[in-house]
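Engineer: Sending over final14.cif (mmCIF, C-alpha atoms).
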```cif
data_input
loop_
_atom_site.label_atom_id
_atom_site.label_comp_id
_atom_site.auth_asym_id
_atom_site.auth_seq_id
_atom_site.Cartn_x
_atom_site.Cartn_y
_atom_site.Cartn_z
CA MET M 170 0.00 0.00 0.00
CA SER M 171 1.45 3.37 -0.97
CA PRO M 172 1.46 6.21 1.58
CA ALA M 173 -1.11 8.07 -0.53
CA ALA M 174 -3.50 5.11 -0.37
CA ASP M 175 -3.02 4.47 3.35
CA HIS M 176 -6.21 5.68 5.02
CA ARG M 177 -5.31 4.52 8.52
CA PRO M 178 -5.23 7.19 11.26
CA ARG M 179 -1.82 8.66 11.99
CA TYR M 180 -0.74 9.26 15.57
CA VAL M 181 2.20 11.19 16.97
CA ILE M 182 3.57 9.11 19.83
CA GLY M 183 6.29 10.03 22.32
CA VAL M 184 8.38 7.14 23.61
CA THR M 185 11.08 7.06 26.29
CA GLY M 186 13.63 4.32 27.02
CA LEU M 187 15.85 4.67 23.95
CA ASN M 188 18.94 3.21 25.66
CA ALA M 189 19.35 0.13 23.46
CA ILE M 190 22.51 -1.02 25.24
CA ASP M 191 23.54 -4.26 27.01
CA SER M 192 20.90 -3.49 29.66
CA PRO M 193 18.35 -2.13 27.20
CA GLY M 194 15.34 0.04 27.83
CA PRO M 195 12.03 -0.98 26.26
CA GLY M 196 11.73 2.06 23.96
CA VAL M 197 13.11 0.72 20.69
CA ALA M 198 11.13 -2.53 21.04
CA VAL M 199 7.95 -0.55 21.79
CA ILE M 200 8.50 1.56 18.68
CA ARG M 201 9.04 -1.49 16.49
CA ALA M 202 5.73 -2.86 17.78
CA LEU M 203 3.90 0.41 17.07
CA ARG M 204 5.24 0.60 13.53
CA GLU M 205 3.88 -2.88 12.82
CA SER M 206 0.33 -2.14 13.94
CA PRO M 207 -2.23 -2.69 11.15
CA ASP M 208 -4.61 -0.20 12.83
CA PHE M 209 -2.62 3.04 12.50
CA THR M 210 0.55 4.70 11.28
CA VAL M 211 2.88 6.66 13.53
CA ARG M 212 5.30 9.53 13.79
CA ILE M 213 7.63 8.61 16.64
CA ILE M 214 8.99 11.29 18.93
CA GLY M 215 11.89 9.95 20.96
CA LEU M 216 12.18 11.32 24.50
CA SER M 217 15.70 10.86 25.86
CA TYR M 218 17.63 11.61 29.03
CA GLU M 219 21.20 10.92 27.86
CA ALA M 220 22.89 12.05 24.65
CA LEU M 221 24.33 8.58 24.03
CA GLU M 222 21.07 6.65 23.99
CA PRO M 223 21.39 4.75 20.70
CA GLY M 224 17.74 5.11 19.76
CA ILE M 225 18.29 8.83 19.24
CA TYR M 226 20.42 8.10 16.19
CA MET M 227 18.29 5.29 14.72
CA HIS M 228 16.53 7.49 12.19
CA ASP M 229 14.58 4.64 10.64
CA VAL M 230 13.09 3.99 14.09
CA VAL M 231 12.74 7.45 15.64
CA ASP M 232 11.57 10.41 13.56
CA LYS M 233 12.61 13.18 15.97
CA THR M 234 14.14 13.25 19.46
CA TYR M 235 13.91 15.72 22.33
CA GLN M 236 15.72 15.53 25.63
CA LEU M 237 13.74 15.51 28.87
CA PRO M 238 14.83 16.73 32.30
CA TYR M 239 15.83 13.99 34.73
CA PRO M 240 12.96 12.65 36.87
CA SER M 241 14.57 14.20 39.95
CA ALA M 242 13.77 17.65 38.50
CA GLY M 243 10.10 17.11 39.35
CA THR M 244 6.77 17.36 37.61
CA GLN M 245 6.59 21.07 36.83
CA VAL M 246 9.82 21.13 34.82
CA LEU M 247 8.73 17.97 32.99
CA LEU M 248 5.31 19.47 32.21
CA GLU M 249 6.89 22.62 30.79
CA ARG M 250 9.22 20.61 28.57
CA LEU M 251 6.44 18.33 27.34
CA GLY M 252 4.32 21.42 26.64
CA GLU M 253 7.10 22.83 24.44
CA ILE M 254 7.41 19.54 22.55
CA HIS M 255 3.63 19.26 22.17
CA GLU M 256 3.39 22.74 20.66
CA ARG M 257 5.83 21.69 17.95
CA GLU M 258 4.78 18.08 17.39
CA GLY M 259 1.14 17.74 18.42
CA LEU M 260 1.61 14.64 20.57
CA ASP M 261 -1.33 12.24 20.72
CA VAL M 262 0.09 9.67 23.16
CA ILE M 263 3.15 9.28 25.39
CA ILE M 264 4.45 5.86 26.47
CA PRO M 265 6.99 6.18 29.31
CA ASN M 266 9.19 3.10 29.77
CA PHE M 267 11.36 3.75 32.84
CA ASP M 268 10.36 2.88 36.39
CA ALA M 269 11.93 6.04 37.82
CA GLU M 270 10.00 8.40 35.54
CA LEU M 271 6.58 6.81 35.99
CA PRO M 272 5.48 8.62 39.19
CA ASN M 273 5.98 12.00 37.50
CA PHE M 274 4.04 10.94 34.42
CA VAL M 275 1.24 9.47 36.54
CA ARG M 276 0.92 12.70 38.52
CA LEU M 277 0.87 14.73 35.31
CA ALA M 278 -1.59 12.49 33.44
CA PRO M 279 -4.66 14.72 34.02
CA ARG M 280 -2.78 17.87 33.00
CA LEU M 281 -1.35 16.15 29.93
CA ALA M 282 -4.84 14.99 29.00
CA ALA M 283 -6.01 18.61 29.23
CA LEU M 284 -3.39 19.45 26.60
CA GLY M 285 -4.61 16.60 24.40
CA ILE M 286 -1.80 14.17 25.26
CA ARG M 287 -3.10 10.77 26.29
CA THR M 288 -1.42 8.16 28.48
CA PHE M 289 -2.51 4.81 29.88
CA LEU M 290 -0.63 4.30 33.12
CA PRO M 291 -1.03 2.59 36.47
CA THR M 292 -2.14 4.68 39.43
CA LEU M 293 0.26 5.78 42.17
CA GLU M 294 -1.41 3.25 44.48
CA GLN M 295 -0.79 0.45 41.98
CA LEU M 296 2.85 1.52 41.60
CA GLU M 297 3.34 1.46 45.35
CA ALA M 298 1.62 -1.90 45.88
CA ARG M 299 4.02 -3.80 43.60
CA ASP M 300 7.09 -1.74 44.45
CA LYS M 301 10.16 -3.83 45.23
CA LEU M 302 10.15 -2.42 48.75
CA ASN M 303 6.57 -3.64 49.31
CA LEU M 304 6.60 -6.79 47.20
CA ARG M 305 6.91 -9.25 50.08
CA ALA M 306 3.84 -7.82 51.83
CA PHE M 307 1.98 -7.70 48.52
CA GLY M 308 2.70 -11.38 47.91
CA GLU M 309 1.48 -12.35 51.36
CA ALA M 310 -1.73 -10.38 50.84
CA HIS M 311 -2.51 -11.96 47.48
CA GLY M 312 -1.22 -15.49 47.84
CA LEU M 313 1.91 -15.02 45.72
CA LEU M 314 5.23 -16.62 46.65
CA VAL M 315 7.88 -13.92 47.08
CA PRO M 316 11.45 -14.60 48.29
CA GLN M 317 12.33 -13.32 51.75
CA GLN M 318 13.98 -9.91 51.73
CA HIS M 319 15.42 -7.23 54.00
CA LEU M 320 15.55 -3.50 53.38
CA LEU M 321 19.01 -2.16 54.10
CA HIS M 322 19.86 1.43 54.97
CA ARG M 323 23.45 0.75 56.08
CA ALA M 324 26.12 -1.67 54.90
CA ASP M 325 26.59 -3.01 58.41
CA GLU M 326 23.04 -4.42 58.26
CA LEU M 327 24.15 -6.93 55.64
CA ALA M 328 25.67 -9.42 58.07
CA GLN M 329 22.41 -9.86 59.99
CA ALA M 330 20.43 -10.14 56.75
CA ALA M 331 22.84 -12.77 55.44
CA GLU M 332 22.41 -14.84 58.63
CA GLN M 333 18.71 -15.13 57.89
CA LEU M 334 18.83 -15.38 54.09
CA GLY M 335 22.01 -17.41 53.69
CA TYR M 336 24.40 -17.31 50.74
CA PRO M 337 24.21 -16.71 47.91
CA LEU M 338 21.87 -13.76 48.30
CA VAL M 339 20.75 -11.08 45.85
CA VAL M 340 21.53 -7.40 46.42
CA LYS M 341 19.09 -5.21 44.50
CA GLY M 342 18.52 -1.52 43.85
CA LYS M 343 15.10 -0.02 44.47
CA PHE M 344 14.75 0.83 40.77
CA TYR M 345 17.28 -1.27 38.83
CA ASP M 346 20.33 -3.52 39.15
CA ALA M 347 20.81 -6.78 40.98
CA THR M 348 23.95 -8.67 42.00
CA VAL M 349 24.26 -12.20 43.31
CA ALA M 350 26.68 -12.16 46.26
CA HIS M 351 28.37 -15.31 47.58
CA THR M 352 30.25 -13.65 50.43
CA LEU M 353 29.79 -10.73 52.81
CA GLU M 354 32.56 -8.85 51.01
CA GLN M 355 30.77 -9.22 47.66
CA ALA M 356 27.49 -8.14 49.26
CA ARG M 357 29.07 -5.00 50.74
CA LYS M 358 30.65 -4.08 47.42
CA ALA M 359 27.29 -4.48 45.67
CA PHE M 360 25.56 -2.45 48.41
CA HIS M 361 27.87 0.53 47.93
CA GLN M 362 27.71 0.39 44.13
CA ILE M 363 23.93 0.11 43.99
CA SER M 364 23.22 2.66 46.74
CA ALA M 365 25.52 5.18 45.04
CA LYS M 366 23.57 4.77 41.79
CA TRP M 367 19.98 4.35 42.96
CA GLY M 368 19.91 5.53 46.57
CA LEU M 369 18.58 3.87 49.71
CA PRO M 370 17.21 1.52 50.78
CA VAL M 371 18.97 -1.38 49.10
CA ILE M 372 17.25 -4.76 49.11
CA ALA M 373 18.84 -8.04 50.22
CA GLN M 374 16.73 -10.87 48.83
CA GLU M 375 16.75 -14.63 49.25
CA PHE M 376 18.33 -16.39 46.27
CA VAL M 377 16.05 -18.92 44.59
CA GLN M 378 17.65 -21.51 42.31
CA GLY M 379 15.69 -22.42 39.20
CA HIS M 380 14.62 -21.33 35.73
CA GLU M 381 13.89 -17.66 35.04
CA ILE M 382 10.55 -16.94 33.41
CA ASN M 383 8.99 -13.60 32.53
CA VAL M 384 5.41 -12.74 31.63
CA ALA M 385 4.50 -9.57 29.73
CA ALA M 386 0.90 -8.58 30.45
CA LEU M 387 -1.55 -5.80 29.67
CA GLY M 388 -4.41 -4.82 31.98
CA ASP M 389 -7.35 -2.59 31.09
CA GLY M 390 -7.67 -1.01 34.55
CA THR M 391 -10.81 -2.92 35.53
CA GLY M 392 -9.13 -6.18 36.48
CA ARG M 393 -9.32 -7.70 33.01
CA THR M 394 -6.18 -9.10 31.38
CA LEU M 395 -6.14 -8.23 27.69
CA SER M 396 -2.86 -9.97 26.92
CA ALA M 397 -0.33 -12.21 28.65
CA VAL M 398 2.67 -13.83 26.98
CA PRO M 399 5.14 -15.94 29.01
CA MET M 400 8.79 -16.25 28.00
CA ARG M 401 11.62 -18.40 29.37
CA LYS M 402 15.08 -16.89 29.34
CA LEU M 403 17.50 -18.94 27.23
CA TYR M 404 20.56 -16.72 27.60
CA ILE M 405 21.15 -14.28 30.46
CA THR M 406 23.77 -11.53 30.59
CA ASP M 407 25.95 -10.81 33.60
CA LYS M 408 23.41 -8.09 34.47
CA GLY M 409 20.61 -10.62 34.55
CA LYS M 410 19.01 -9.44 31.32
CA ALA M 411 17.50 -11.84 28.81
CA TRP M 412 19.59 -11.94 25.63
CA ALA M 413 17.50 -14.77 24.19
CA GLY M 414 14.13 -16.21 25.10
CA ILE M 415 11.27 -18.40 23.90
CA THR M 416 7.50 -18.21 24.37
CA LEU M 417 6.00 -20.94 26.52
CA GLU M 418 2.72 -22.78 26.73
CA ASP M 419 1.92 -22.80 30.44
CA GLU M 420 -1.53 -22.12 31.87
CA THR M 421 -0.09 -21.74 35.39
CA LEU M 422 1.90 -18.70 34.28
CA LEU M 423 -1.11 -17.16 32.57
CA GLN M 424 -3.26 -17.70 35.64
CA LEU M 425 -0.66 -16.03 37.85
CA ALA M 426 -0.55 -12.99 35.55
CA ARG M 427 -4.35 -12.79 35.44
CA ARG M 428 -4.49 -13.01 39.24
CA PHE M 429 -2.08 -10.10 39.58
CA VAL M 430 -4.01 -7.95 37.10
CA GLU M 431 -7.34 -8.83 38.69
CA ARG M 432 -6.25 -8.25 42.30
CA THR M 433 -4.65 -4.89 41.51
CA GLY M 434 -6.97 -3.68 38.73
CA TRP M 435 -3.71 -3.10 36.85
CA ARG M 436 -3.79 -0.36 34.25
CA GLY M 437 -1.30 -0.63 31.39
CA GLY M 438 1.65 -2.87 30.64
CA CYS M 439 3.65 -4.81 33.19
CA GLU M 440 6.19 -7.61 33.48
CA LEU M 441 6.25 -10.38 36.07
CA GLU M 442 9.76 -11.68 36.71
CA LEU M 443 9.46 -15.22 38.05
CA MET M 444 11.67 -18.08 39.15
CA ARG M 445 10.46 -21.67 38.85
CA ALA M 446 12.19 -23.63 41.59
CA ALA M 447 13.23 -27.27 41.22
CA ASP M 448 10.08 -28.39 43.05
CA GLY M 449 7.91 -26.48 40.56
CA ARG M 450 6.95 -23.58 42.82
CA LEU M 451 6.76 -20.16 41.17
CA PHE M 452 8.40 -17.28 43.04
CA VAL M 453 7.70 -13.67 42.08
CA LEU M 454 11.05 -11.86 42.01
CA GLU M 455 9.82 -8.50 40.69
CA ILE M 456 6.79 -6.91 39.09
CA ASN M 457 7.86 -4.17 36.69
CA PRO M 458 5.23 -1.48 36.04
CA ARG M 459 5.88 -1.08 32.31
CA PHE M 460 6.67 -3.06 29.17
CA PRO M 461 9.88 -5.13 29.26
CA ALA M 462 12.73 -4.69 26.78
CA TRP M 463 11.70 -7.96 25.11
CA ILE M 464 8.14 -6.72 24.40
CA TYR M 465 8.61 -7.09 20.63
CA LEU M 466 8.42 -10.86 21.17
CA THR M 467 4.72 -10.42 22.03
CA VAL M 468 4.21 -8.98 18.55
CA ALA M 469 5.94 -11.97 16.99
CA ALA M 470 3.70 -14.23 19.08
CA GLY M 471 0.57 -12.51 17.80
CA GLN M 472 -0.26 -10.09 20.63
CA ASN M 473 0.89 -6.53 19.94
CA GLN M 474 0.69 -5.13 23.45
CA PRO M 475 2.13 -1.63 22.73
CA ALA M 476 -0.35 -1.08 19.89
CA ALA M 477 -3.19 -2.20 22.15
CA LEU M 478 -2.02 0.24 24.83
CA VAL M 479 -2.22 3.10 22.31
CA ARG M 480 -5.82 2.12 21.56
CA LEU M 481 -6.59 2.07 25.30
CA ALA M 482 -5.04 5.51 25.73
CA LEU M 483 -7.19 6.86 22.90
CA GLY M 484 -10.36 5.31 24.29
CA LEU M 485 -10.71 2.83 21.43
CA PRO M 486 -12.00 -0.72 22.00
CA VAL M 487 -9.50 -3.49 22.75
CA TYR M 488 -10.53 -7.12 23.02
CA PRO M 489 -8.63 -9.80 24.96
CA TRP M 490 -6.35 -12.12 23.04
CA THR M 491 -6.94 -15.81 23.62
CA GLU M 492 -4.04 -17.32 21.68
CA TYR M 493 -0.36 -16.70 21.02
CA ALA M 494 2.34 -18.55 19.12
CA VAL M 495 4.34 -20.96 21.28
CA GLY M 496 8.01 -21.54 20.50
CA ARG M 497 8.71 -18.08 19.08
CA MET M 498 12.24 -17.03 19.97
CA PHE M 499 14.14 -13.79 20.16
CA ILE M 500 17.91 -13.45 20.11
CA ARG M 501 19.21 -9.99 20.89
CA TYR M 502 22.24 -8.72 19.03
CA ALA M 503 24.52 -5.69 18.92
CA TRP M 504 25.88 -3.76 15.97
CA ASP M 505 27.87 -0.59 15.46
CA LEU M 506 25.60 2.34 14.70
CA ILE M 507 27.46 5.01 12.77
CA THR M 508 26.47 8.64 13.10
CA ASP M 509 28.10 12.04 12.69
CA ASN M 510 29.65 14.07 15.46
CA HIS M 511 27.38 17.02 14.69
CA GLU M 512 24.33 14.91 15.59
CA PHE M 513 25.78 14.17 19.01
CA HIS M 514 26.55 17.88 19.49
CA GLN M 515 23.05 18.80 18.33
CA ILE M 516 21.28 16.68 20.95
CA SER M 517 23.85 17.59 23.65
CA ALA M 518 23.77 21.33 23.08
CA PHE M 519 20.21 21.99 21.92
CA GLY M 520 18.28 19.07 23.42
CA GLU M 521 16.81 17.87 20.14
CA LEU M 522 17.73 16.06 16.97
#
```
So that I can check it, write out the structure of this file as structure tokens.

Structural biologist:
Amino acid sequence: MSPAADHRPRYVIGVTGLNAIDSPGPGVAVIRALRESPDFTVRIIGLSYEALEPGIYMHDVVDKTYQLPYPSAGTQVLLERLGEIHEREGLDVIIPNFDAELPNFVRLAPRLAALGIRTFLPTLEQLEARDKLNLRAFGEAHGLLVPQQHLLHRADELAQAAEQLGYPLVVKGKFYDATVAHTLEQARKAFHQISAKWGLPVIAQEFVQGHEINVAALGDGTGRTLSAVPMRKLYITDKGKAWAGITLEDETLLQLARRFVERTGWRGGCELELMRAADGRLFVLEINPRFPAWIYLTVAAGQNQPAALVRLALGLPVYPWTEYAVGRMFIRYAWDLITDNHEFHQISAFGEL
């Protein structure tokens, strides 16, 4: 179909998470999914925080990029910047993809809607309920197995936590990063590195041996699960990220995802990070409040979750998927993206490219 004959609606969509590195953000995968939707065409506005996010320079993926202020700058500065971008681009929808930025976007959602910018995000209460710091209590309240954990505000609290959790244990940041520590010295090193990057508290979590499984899900905000696709990690990087994975046929995983969405009334995309122990028990390690970096696999499996989220944001009907392709694999790869120095200077100096 030629562009002139394409009568589908065209939406201008802002997307964050363009850091397609060894610990990738979801942005590029979300954009690929949006571009493959049969329901609409898109102009993609990249929203970046760092000048070296590769997605900025992927001009066949992102049409235009603007830098945003860091989440720590607060909502008012973010609103002013988004207002400037909206005046120039006429944004229809924004899809934020970083945990740390979500509270600001959730707080601004009504004011963005008043400008004509739609979002489809969890509420602040939903964010807090599944937060890593509250996950153990959440699991107990809803019948989900969650590894034991301790919240650490000082490095000298590690020894007592290790006595209860044993070794190895997992040292985790409140937003990102996790390190498996086999000794107290390794745990202390991880504590200092993670606290310096993400702040306090740091989480010490029981290590569960088994197979890592993730489920990408989409909730409509009323307790209904519109999509759920489970994936088993086939290759894991030293940062714990899936570098290859395969879709699974497993009703137990789907039921767990549906239970989470139903109990929380989840609104938007999410990812359940699970560990299947040797005895078959499923432990919930984390619940991420946005699409995962591997979300394009859901498109390949027949459930385009990012495109469905756009329809939800615009108030258009979305019907639950009942099937997906089992055995679909993804294998992530890296390549050298060549750009010109003036492009880097442009985004660094002027905040847009």

Engineer: Quick one: everything within 12 Å of Pro193 of chain M, counting all atoms listed in the file, minus sequence neighbours fewer than 4 positions away in the same chain. Send it as a list in words.

Structural biologist: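 The filter keeps Thr185, Gly186, Leu187, Asn188, Ala189, Val197, Ala198, Val199, Glu222, Pro223, Gly224, Asn266, Phe267, Tyr345, Thr406, Lys408, Gly409, Lys410, Ala411, Trp412, Phe460, Pro461, Ala462, Trp463, Ile464, Arg501, Tyr502 and Ala503 of chain M.
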
Engineer: So how many Å separate atom CA of Ala282 of chain M and atom CA of Tyr235 of chain M, to one decimal?

Structural biologist: 19.9 Å

Engineer: Would you please work out which residue, of M:Ala174, M:Phe429, M:Leu485, M:Phe289, is nearest to His311 of chain M when using all atoms listed in the file?

Structural biologist: M:Phe429

Engineer: What lies within 8 Å of Ile182 of chain M using all atoms listed in the file, ignoring chain neighbours under 3 positions off, as an NGL selection string?

Structural biologist: :M and (211-214 or 260-264)

Engineer: Using C-alpha atoms, can you write the selected residues to a file as a PDB file, in the coordinates of the input?

Structural biologist:
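Result file result_22.pdb:
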```
ATOM      1  CA  VAL M 211       2.880   6.660  13.530  1.00  0.00           C
ATOM      2  CA  ARG M 212       5.300   9.530  13.790  1.00  0.00           C
ATOM      3  CA  ILE M 213       7.630   8.610  16.640  1.00  0.00           C
ATOM      4  CA  ILE M 214       8.990  11.290  18.930  1.00  0.00           C
ATOM      5  CA  LEU M 260       1.610  14.640  20.570  1.00  0.00           C
ATOM      6  CA  ASP M 261      -1.330  12.240  20.720  1.00  0.00           C
ATOM      7  CA  VAL M 262       0.090   9.670  23.160  1.00  0.00           C
ATOM      8  CA  ILE M 263       3.150   9.280  25.390  1.00  0.00           C
ATOM      9  CA  ILE M 264       4.450   5.860  26.470  1.00  0.00           C
TER      10      ILE M 264
END
```

Engineer: Would you kindly translate the PyMOL selection byres ((chain M and resi 271-277) around 10) into the concrete residues it picks from this file, as a PyMOL selection string?

Structural biologist: chain M and resi 240-245+247-248+263-270+278-283+288-293+296-297+458-459

Engineer: Could you make a table, as a tab-separated table, of the residues of segment 186-250 of chain M that have an atom within 10 Å of an atom of segment 466-480 of chain M, each with its nearest atom pair and distance in Å to one decimal, counting all atoms listed in the file, in chain and number order?

Structural biologist:
```
residue	atom	partner	partner_atom	distance
M:Ala198	CA	M:Leu466	CA	8.8
M:Val199	CA	M:Pro475	CA	6.0
M:Ile200	CA	M:Pro475	CA	8.2
M:Arg201	CA	M:Val468	CA	9.1
M:Ala202	CA	M:Pro475	CA	6.2
M:Leu203	CA	M:Ala476	CA	5.3
M:Arg204	CA	M:Ala476	CA	8.6
M:Glu205	CA	M:Val468	CA	8.4
M:Ser206	CA	M:Ala476	CA	6.1
M:Pro207	CA	M:Ala476	CA	9.1
M:Asp208	CA	M:Ala476	CA	8.3
M:Phe209	CA	M:Ala476	CA	8.8
```

Engineer: Have a look at atom CA of Thr394 of chain M and atom CA of Phe344 of chain M and let me know their distance in Å, one decimal.

Structural biologist: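 Atom-to-atom, atom CA of Thr394 of chain M to atom CA of Phe344 of chain M, that is 25.0 Å.
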
Engineer: Of the candidates M:Gly285, M:Gly392, M:Gly379, M:Gly196, which shows the shortest atom-to-atom distance to Gly252 of chain M, using only C-alpha atoms?

Structural biologist: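 Nearest candidate to Gly252 of chain M out of M:Gly285, M:Gly392, M:Gly379, M:Gly196: M:Gly285.
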
Engineer: Provide the atom CA of Val181 of chain M to atom CA of Glu253 of chain M distance in Å, to one decimal place.

Structural biologist: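 These two atoms are separated by 14.7 Å.
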
Engineer: Restricting the calculation to all atoms listed in the file: of M:Gly215, M:Glu420, M:Gly335, M:Thr433, which residue gets closest to Thr491 of chain M?

Structural biologist: M:Glu420

Engineer: Quick one: which segment 365-426 of chain M residues come within 9 Å of segment 321-329 of chain M, and what is the nearest atom pair for each with the distance in Å to one decimal, counting all atoms listed in the file, rows ordered by chain and ascending number, as CSV?

Structural biologist:
```
residue,atom,partner,partner_atom,distance
M:Leu369,CA,M:His322,CA,5.9
M:Pro370,CA,M:His322,CA,5.0
M:Val371,CA,M:Leu321,CA,5.1
M:Ile372,CA,M:Leu321,CA,5.9
M:Ala373,CA,M:Leu321,CA,7.0
```

Engineer: Any chance you could export the current selection's C-alpha atoms as an mmCIF file, keeping the file's coordinate frame?

Structural biologist:
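Heads up, here's the output in selection.cif:
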```cif
data_model
loop_
_atom_site.group_PDB
_atom_site.id
_atom_site.type_symbol
_atom_site.label_atom_id
_atom_site.label_comp_id
_atom_site.auth_asym_id
_atom_site.auth_seq_id
_atom_site.Cartn_x
_atom_site.Cartn_y
_atom_site.Cartn_z
ATOM 1 C CA LEU M 369 18.580 3.870 49.710
ATOM 2 C CA PRO M 370 17.210 1.520 50.780
ATOM 3 C CA VAL M 371 18.970 -1.380 49.100
ATOM 4 C CA ILE M 372 17.250 -4.760 49.110
ATOM 5 C CA ALA M 373 18.840 -8.040 50.220
#
```
